[in-house]
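Visitor: This is the structure I want to talk about, given as structure tokens.
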Protein chains: 2
Amino acid sequence: MKEQNTEANIQFSQLGKRMAAGSGIEDLMEDLGKTLVNSDGSIAMLGGGNPAPIPEGQKLWRERMSSLLAEEGDGFDRMLGYYDPHQGNRRFIEAVANLFNREYGWDLEPENIAITNGGQTAFFFLFNLLGDSDSKILFPLSPEYIGYSTQGLSPESLLSVPGKIELQEKPFFRYRIDFDALPQGTPIRAACVSRPTNPTGNVLCLEDLERLHAYCRAKDALLIIDNAYGTPFPNMIFRDEAPFWREGVVLTYSLSKLGLPGTRTGIVIGPKAVCRAIASMTAVVGLANGTVGQALTLPMFEDGSILDYCRNTVRPYYETRSRCAVKIVQEELEGIPFRIHEPDGALFLWLWFPELKMHSAEFYQKLKEAGVLVVPGHFFFHNLPGDWTHASQCIRINYAMDIDGLPEAIRRIAAVLRS
Amino acid sequence: MKEQNTEANIQFSQLGKRMAAGSGIEDLMEDLGKTLVNSDGSIAMLGGGNPAPIPEGQKLWRERMSSLLAEEGDGFDRMLGYYDPHQGNRRFIEAVANLFNREYGWDLEPENIAITNGGQTAFFFLFNLLGDSDSKILFPLSPEYIGYSTQGLSPESLLSVPGKIELQEKPFFRYRIDFDALPQGTPIRAACVSRPTNPTGNVLCLEDLERLHAYCRAKDALLIIDNAYGTPFPNMIFRDEAPFWREGVVLTYSLSKLGLPGTRTGIVIGPKAVCRAIASMTAVVGLANGTVGQALTLPMFEDGSILDYCRNTVRPYYETRSRCAVKIVQEELEGIPFRIHEPDGALFLWLWFPELKMHSAEFYQKLKEAGVLVVPGHFFFHNLPGDWTHASQCIRINYAMDIDGLPEAIRRIAAVLRS
């Protein structure tokens, strides 16, 4: 095979070029992947969004898989050997609907739910189902999840609005939605927020959500809320919160952060027309969804014990580490000007260095040389209409993978900042 | 929630409307799904493409999962608890490359491979990476797999050419590529064939493949070969064949038909630029792939035993049933004008009724009323430039799910044809 020759002649479509261009983030993923494979432990891994290996969770999944293997009937064989319907496993969908109805008094029917191959795929479907170059998808609170940034197939179908910075008692700050800055004339098909926000750990307060919802209703736009870290599962929110369910709201959930990212299981809850469309898109793009996440957790959704696991194990696991991480950062960065976004949830700390003397891209490289992998913040300020200095002054760290190694990692960050 | 009101106001994008429109096939999938759930066994299920539940295979996967649970180290925990790199699991990719290199003397490197969430997703990526309204994806041998029909995001980016019918010794016939009918002026970015063909079980002969490859090379187009039922795995080809690997060829494989459709595991082998792009598209669309199929089969790819399983179990299983199914059809349709496409492989029989007095859509309904679910053939004649009477005279039956029920099912088909 004359590989060289062949390579030279391959032409991609315009759409293909856009979808395959990557987002810059792929270089980081490669750094991360290589370090994971080759690491002798000397590199501190604060990048990536992998959930922590929680021993209680690992035990749960092992027990569930063992039960599937042991049980009468062909549950295990069916899980691997049969295609699910494109909407998802019927029994799992009914269990999800019943769980929300029982817990919150909603009136979900199975037709209000569709399963996807992971939460991120739900957004690829939703953004392109709804948005285009004329009627856009709005991210009303930038910085926002990096994975959204390149998912719009129509050029300029995504639009972000910078968050308003509110300084809190030191060392904290918050982003709030800048309602005065939300577009009035531009047609919007949906607004999308992650709650807790990836990367900041911000859990939008009910008041702001209601206001955002009213804005959306007035524009006949859907409000999409990404609950990848949200409530009631995985429940990585460090105060008691309920999911936000109103007219014209689409909620997405995922089994990733409660410990099953390898199964790629996303859940969309929304108007029936939207869920029907998502199911159709699953059929077109990939025929059906992976079955394993649904099969493993089915009894836990049916008896509600998934909520106990998230309430009693997942939330405390991250809440404890989040507090601990804040303390470590405060101690190790003593004397350096920095702010931490108030960590209401998720598994990140979002650090802002208002006097950073370089761009966060360069900062990332220097940190890498110093033996710390983080995610530079500028990637999360995607699809903004203009420049914003603040956008190059932040980094995201995942504190959950190795809390014991965190003090040394933060010391290395401090050393780079001091040099 | 005023569901009605909300539903009325939801607007989809042009692209969304196209992706969510379904392909008509969804109604069939729904019929199939409902029947699977509610069936009292009275409906004969000859629809769908689910592989058969082969007991030896089920035993294999059970043993593999038990090993993963039992083994030292954290293989099971890693499978569920960690994101794979977007290209796929590095060790699995190396095992696949080594297997082909060992078996066929190829020079694959890991960069020639990318994993996708199932084989169908590989085609969604490939068609849109390469094709658009100007430079199209060509299906040179229609009828062709139904799942391709709506995967082109750019309007009219897919184009089919009718196969040439060759009558063989009764009751058989074949489609051959009509090389004189292949477009000469139209720019083509890739030609795509499934081999064995879904729905016909046609395994394109080497001579025709070479000729098609030459046609593609002359047009600087890639030749994409879908080996979902192909060689060396799952090896549902009833003669000895090697995979076709040349300059500018892209091969796709899947773990579905060897018994693991629930894991959604697709494999793309091709030029590095293509595989790099596929990996990027995986990152954008869904972050990463499901891990379970790769983890379960990894040792079988590493030691090559996956080929033994396919050679010694999968192929004979389907070959025996295919012969048996042909015999049953011949006996039960005695006196009715019909032809069967020569079944070289896959798990279908493709039946042509040259004197059918109704459209295959109506035939489908009548068969359903008579208690037999099939797939009406017209769906496989997608993206044709004009009408073709033959396209409404065929049905596809899956003989593999229940060979013991096949005689009764074919008798019901015969009864409808005779009435």
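In the structure tokens, chains take letters A, B, ... by order of appearance, with residues numbered from 1 within each chain and ligands from 1 in the order shown.
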Name the residues of stretch 90-189 of chain A that come out as helix (DSSP H, G or I) in a backbone DSSP run; write them as a PyMOL selection string.
Guide: chain A and resi 90-104+110-112+119-130+146-148+179-181
Visitor: Could you save those same residues with N, CA, C and O atoms as a compact mmCIF listing (two decimals), in the first residue's frame?
Guide:
# COMPACT_ATOMS: atom_id res chain seq x y z
N ARG A 90 -36.72 -0.16 27.01
CA ARG A 90 -38.04 0.26 27.46
C ARG A 90 -38.17 0.21 28.98
O ARG A 90 -38.70 1.13 29.60
N ARG A 91 -37.68 -0.86 29.57
CA ARG A 91 -37.83 -1.02 31.03
C ARG A 91 -37.00 0.03 31.77
O ARG A 91 -37.44 0.59 32.77
N PHE A 92 -35.82 0.33 31.24
CA PHE A 92 -34.97 1.35 31.87
C PHE A 92 -35.65 2.72 31.77
O PHE A 92 -35.68 3.48 32.74
N ILE A 93 -36.21 3.01 30.61
CA ILE A 93 -36.89 4.29 30.41
C ILE A 93 -38.06 4.44 31.37
O ILE A 93 -38.27 5.49 31.99
N GLU A 94 -38.83 3.36 31.53
CA GLU A 94 -39.96 3.42 32.46
C GLU A 94 -39.47 3.62 33.89
O GLU A 94 -40.07 4.36 34.68
N ALA A 95 -38.35 2.98 34.23
CA ALA A 95 -37.80 3.12 35.57
C ALA A 95 -37.36 4.56 35.83
O ALA A 95 -37.58 5.11 36.92
N VAL A 96 -36.75 5.19 34.81
CA VAL A 96 -36.31 6.58 34.97
C VAL A 96 -37.53 7.49 35.14
O VAL A 96 -37.57 8.34 36.05
N ALA A 97 -38.55 7.30 34.31
CA ALA A 97 -39.76 8.12 34.41
C ALA A 97 -40.39 7.96 35.79
O ALA A 97 -40.73 8.95 36.46
N ASN A 98 -40.52 6.72 36.23
CA ASN A 98 -41.15 6.47 37.53
C ASN A 98 -40.35 7.09 38.67
O ASN A 98 -40.92 7.62 39.62
N LEU A 99 -39.04 7.03 38.56
CA LEU A 99 -38.19 7.58 39.62
C LEU A 99 -38.43 9.08 39.78
O LEU A 99 -38.64 9.58 40.90
N PHE A 100 -38.44 9.81 38.67
CA PHE A 100 -38.67 11.26 38.77
C PHE A 100 -40.10 11.57 39.22
O PHE A 100 -40.32 12.49 40.00
N ASN A 101 -41.05 10.80 38.72
CA ASN A 101 -42.45 11.03 39.11
C ASN A 101 -42.65 10.80 40.60
O ASN A 101 -43.32 11.57 41.28
N ARG A 102 -42.06 9.72 41.10
CA ARG A 102 -42.16 9.36 42.51
C ARG A 102 -41.48 10.42 43.37
O ARG A 102 -42.01 10.87 44.37
N GLU A 103 -40.29 10.81 42.94
CA GLU A 103 -39.44 11.67 43.77
C GLU A 103 -39.93 13.12 43.76
O GLU A 103 -39.86 13.80 44.78
N TYR A 104 -40.42 13.58 42.61
CA TYR A 104 -40.72 15.01 42.47
C TYR A 104 -42.17 15.29 42.06
O TYR A 104 -42.52 16.44 41.82
N PRO A 110 -43.00 7.57 29.29
CA PRO A 110 -41.80 7.06 28.60
C PRO A 110 -41.45 7.89 27.37
O PRO A 110 -40.27 8.02 27.02
N GLU A 111 -42.44 8.49 26.73
CA GLU A 111 -42.19 9.28 25.52
C GLU A 111 -41.48 10.59 25.83
O GLU A 111 -41.07 11.31 24.91
N ASN A 112 -41.36 10.94 27.11
CA ASN A 112 -40.59 12.12 27.50
C ASN A 112 -39.11 11.81 27.69
O ASN A 112 -38.36 12.65 28.20
N GLY A 119 -23.72 11.39 27.46
CA GLY A 119 -24.33 12.71 27.55
C GLY A 119 -23.89 13.63 26.43
O GLY A 119 -24.68 14.42 25.91
N GLN A 120 -22.62 13.55 26.03
CA GLN A 120 -22.14 14.49 25.01
C GLN A 120 -22.88 14.31 23.69
O GLN A 120 -23.16 15.28 22.99
N THR A 121 -23.23 13.08 23.36
CA THR A 121 -23.97 12.82 22.13
C THR A 121 -25.35 13.46 22.18
O THR A 121 -25.87 13.93 21.17
N ALA A 122 -25.94 13.50 23.37
CA ALA A 122 -27.24 14.17 23.52
C ALA A 122 -27.13 15.62 23.06
O ALA A 122 -28.03 16.15 22.40
N PHE A 123 -26.00 16.27 23.37
CA PHE A 123 -25.84 17.67 22.99
C PHE A 123 -25.57 17.83 21.50
O PHE A 123 -26.06 18.77 20.88
N PHE A 124 -24.81 16.92 20.95
CA PHE A 124 -24.61 16.95 19.49
C PHE A 124 -25.98 16.87 18.80
O PHE A 124 -26.25 17.62 17.85
N PHE A 125 -26.83 16.00 19.29
CA PHE A 125 -28.16 15.87 18.69
C PHE A 125 -29.01 17.12 18.94
O PHE A 125 -29.63 17.66 18.02
N LEU A 126 -29.06 17.57 20.18
CA LEU A 126 -29.93 18.70 20.53
C LEU A 126 -29.51 19.97 19.79
O LEU A 126 -30.34 20.68 19.23
N PHE A 127 -28.21 20.25 19.79
CA PHE A 127 -27.75 21.50 19.16
C PHE A 127 -28.09 21.51 17.67
O PHE A 127 -28.47 22.54 17.12
N ASN A 128 -27.93 20.36 17.01
CA ASN A 128 -28.15 20.33 15.57
C ASN A 128 -29.61 20.09 15.20
O ASN A 128 -30.05 20.49 14.13
N LEU A 129 -30.35 19.49 16.11
CA LEU A 129 -31.79 19.38 15.91
C LEU A 129 -32.43 20.76 15.93
O LEU A 129 -33.34 21.05 15.16
N LEU A 130 -31.91 21.62 16.82
CA LEU A 130 -32.58 22.89 17.08
C LEU A 130 -31.89 24.08 16.42
O LEU A 130 -32.55 24.95 15.86
N ILE A 146 -16.36 22.76 27.52
CA ILE A 146 -15.51 22.75 26.34
C ILE A 146 -16.05 21.84 25.24
O ILE A 146 -15.90 22.11 24.06
N GLY A 147 -16.70 20.75 25.64
CA GLY A 147 -17.18 19.76 24.67
C GLY A 147 -18.27 20.29 23.77
O GLY A 147 -18.50 19.78 22.68
N TYR A 148 -18.98 21.34 24.20
CA TYR A 148 -20.01 21.93 23.34
C TYR A 148 -19.41 22.71 22.17
O TYR A 148 -20.07 22.92 21.15
N PHE A 179 -27.93 39.20 32.59
CA PHE A 179 -29.21 39.20 31.85
C PHE A 179 -29.33 40.38 30.89
O PHE A 179 -29.96 40.27 29.84
N ASP A 180 -28.70 41.50 31.25
CA ASP A 180 -28.77 42.65 30.36
C ASP A 180 -28.02 42.40 29.05
O ASP A 180 -28.28 43.05 28.04
N ALA A 181 -27.08 41.45 29.10
CA ALA A 181 -26.26 41.19 27.91
C ALA A 181 -26.84 40.09 27.02
O ALA A 181 -26.34 39.84 25.93
Visitor: Identify, on the basis of only C-alpha atoms, every residue whose closest approach to A:Val375 does not exceed 10 Å; exclude the query and any residue fewer than 4 positions from it along the same chain; express the result as a PDB file with N, CA, C and O atoms, in the first residue's frame.
Guide:
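What ended up in selection15.pdb:
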ATOM      1  N   ILE A  25      -8.499  21.072  22.045  1.00  0.00           N
ATOM      2  CA  ILE A  25      -8.570  20.264  23.255  1.00  0.00           C
ATOM      3  C   ILE A  25      -8.009  18.868  23.011  1.00  0.00           C
ATOM      4  O   ILE A  25      -7.568  18.190  23.924  1.00  0.00           O
ATOM      5  N   LEU A  28      -4.599  18.370  24.231  1.00  0.00           N
ATOM      6  CA  LEU A  28      -4.577  18.164  25.682  1.00  0.00           C
ATOM      7  C   LEU A  28      -4.942  16.729  26.019  1.00  0.00           C
ATOM      8  O   LEU A  28      -4.337  16.090  26.874  1.00  0.00           O
ATOM      9  N   MET A  29      -5.986  16.219  25.308  1.00  0.00           N
ATOM     10  CA  MET A  29      -6.405  14.850  25.570  1.00  0.00           C
ATOM     11  C   MET A  29      -5.257  13.897  25.270  1.00  0.00           C
ATOM     12  O   MET A  29      -5.064  12.896  25.955  1.00  0.00           O
ATOM     13  N   LEU A  32      -2.767  14.030  27.989  1.00  0.00           N
ATOM     14  CA  LEU A  32      -3.340  13.329  29.130  1.00  0.00           C
ATOM     15  C   LEU A  32      -3.237  11.824  28.935  1.00  0.00           C
ATOM     16  O   LEU A  32      -2.813  11.084  29.826  1.00  0.00           O
ATOM     17  N   LEU A  46      -4.097  16.696  36.915  1.00  0.00           N
ATOM     18  CA  LEU A  46      -5.264  17.481  37.313  1.00  0.00           C
ATOM     19  C   LEU A  46      -6.124  17.827  36.102  1.00  0.00           C
ATOM     20  O   LEU A  46      -7.022  18.654  36.176  1.00  0.00           O
ATOM     21  N   GLY A  47      -5.810  17.198  34.965  1.00  0.00           N
ATOM     22  CA  GLY A  47      -6.584  17.450  33.751  1.00  0.00           C
ATOM     23  C   GLY A  47      -7.723  16.454  33.631  1.00  0.00           C
ATOM     24  O   GLY A  47      -7.931  15.608  34.494  1.00  0.00           O
ATOM     25  N   GLY A  48      -8.462  16.559  32.543  1.00  0.00           N
ATOM     26  CA  GLY A  48      -9.501  15.580  32.265  1.00  0.00           C
ATOM     27  C   GLY A  48     -10.686  15.676  33.199  1.00  0.00           C
ATOM     28  O   GLY A  48     -10.645  16.395  34.201  1.00  0.00           O
ATOM     29  N   GLY A  49     -11.740  14.962  32.851  1.00  0.00           N
ATOM     30  CA  GLY A  49     -12.960  15.023  33.646  1.00  0.00           C
ATOM     31  C   GLY A  49     -13.358  13.661  34.157  1.00  0.00           C
ATOM     32  O   GLY A  49     -14.530  13.413  34.438  1.00  0.00           O
ATOM     33  N   PRO A 199     -16.756  24.317  33.573  1.00  0.00           N
ATOM     34  CA  PRO A 199     -15.649  23.994  34.473  1.00  0.00           C
ATOM     35  C   PRO A 199     -15.721  24.576  35.878  1.00  0.00           C
ATOM     36  O   PRO A 199     -14.827  24.288  36.665  1.00  0.00           O
ATOM     37  N   TRP A 350     -11.963  25.869  39.831  1.00  0.00           N
ATOM     38  CA  TRP A 350     -11.708  26.811  38.735  1.00  0.00           C
ATOM     39  C   TRP A 350     -10.928  27.970  39.326  1.00  0.00           C
ATOM     40  O   TRP A 350     -11.442  28.700  40.180  1.00  0.00           O
ATOM     41  N   SER A 360      -3.072  31.696  29.224  1.00  0.00           N
ATOM     42  CA  SER A 360      -3.237  30.388  29.869  1.00  0.00           C
ATOM     43  C   SER A 360      -2.686  29.243  29.010  1.00  0.00           C
ATOM     44  O   SER A 360      -2.332  28.187  29.536  1.00  0.00           O
ATOM     45  N   ALA A 361      -2.585  29.450  27.695  1.00  0.00           N
ATOM     46  CA  ALA A 361      -1.988  28.421  26.829  1.00  0.00           C
ATOM     47  C   ALA A 361      -0.511  28.239  27.180  1.00  0.00           C
ATOM     48  O   ALA A 361      -0.003  27.114  27.266  1.00  0.00           O
ATOM     49  N   TYR A 364      -0.182  26.687  30.633  1.00  0.00           N
ATOM     50  CA  TYR A 364      -0.363  25.234  30.540  1.00  0.00           C
ATOM     51  C   TYR A 364       0.955  24.542  30.221  1.00  0.00           C
ATOM     52  O   TYR A 364       1.325  23.550  30.854  1.00  0.00           O
ATOM     53  N   PHE A 379     -10.096  27.502  26.696  1.00  0.00           N
ATOM     54  CA  PHE A 379     -10.942  26.621  25.881  1.00  0.00           C
ATOM     55  C   PHE A 379     -12.419  26.689  26.279  1.00  0.00           C
ATOM     56  O   PHE A 379     -13.294  26.366  25.484  1.00  0.00           O
ATOM     57  N   PHE A 380     -12.679  27.078  27.510  1.00  0.00           N
ATOM     58  CA  PHE A 380     -14.062  27.103  27.987  1.00  0.00           C
ATOM     59  C   PHE A 380     -14.782  28.403  27.614  1.00  0.00           C
ATOM     60  O   PHE A 380     -15.984  28.510  27.757  1.00  0.00           O
ATOM     61  N   CYS A 394      -7.358  31.805  33.529  1.00  0.00           N
ATOM     62  CA  CYS A 394      -7.933  30.769  34.397  1.00  0.00           C
ATOM     63  C   CYS A 394      -7.424  29.369  34.033  1.00  0.00           C
ATOM     64  O   CYS A 394      -6.986  29.129  32.915  1.00  0.00           O
ATOM     65  N   ILE A 395      -7.480  28.482  34.998  1.00  0.00           N
ATOM     66  CA  ILE A 395      -7.245  27.060  34.727  1.00  0.00           C
ATOM     67  C   ILE A 395      -8.290  26.236  35.473  1.00  0.00           C
ATOM     68  O   ILE A 395      -8.864  26.687  36.469  1.00  0.00           O
ATOM     69  N   ARG A 396      -8.542  25.025  34.951  1.00  0.00           N
ATOM     70  CA  ARG A 396      -9.440  24.094  35.634  1.00  0.00           C
ATOM     71  C   ARG A 396      -8.618  22.933  36.162  1.00  0.00           C
ATOM     72  O   ARG A 396      -7.796  22.376  35.432  1.00  0.00           O
ATOM     73  N   ILE A 397      -8.820  22.592  37.428  1.00  0.00           N
ATOM     74  CA  ILE A 397      -8.148  21.400  37.948  1.00  0.00           C
ATOM     75  C   ILE A 397      -9.181  20.393  38.449  1.00  0.00           C
ATOM     76  O   ILE A 397     -10.204  20.752  39.026  1.00  0.00           O
ATOM     77  N   ASN A 398      -8.908  19.120  38.152  1.00  0.00           N
ATOM     78  CA  ASN A 398      -9.720  18.006  38.638  1.00  0.00           C
ATOM     79  C   ASN A 398      -9.055  17.517  39.921  1.00  0.00           C
ATOM     80  O   ASN A 398      -7.971  16.957  39.884  1.00  0.00           O
TER      81      ASN A 398
END
Visitor: Could you name the residues that touch B:Asn50 at 8 Å or less, counting only C-alpha atoms, but leaving out those on the same chain fewer than 4 positions away, as a list in words?
Guide: Tyr82 and Tyr83 of chain A; Lys257, Pro261 and Met401 of chain B
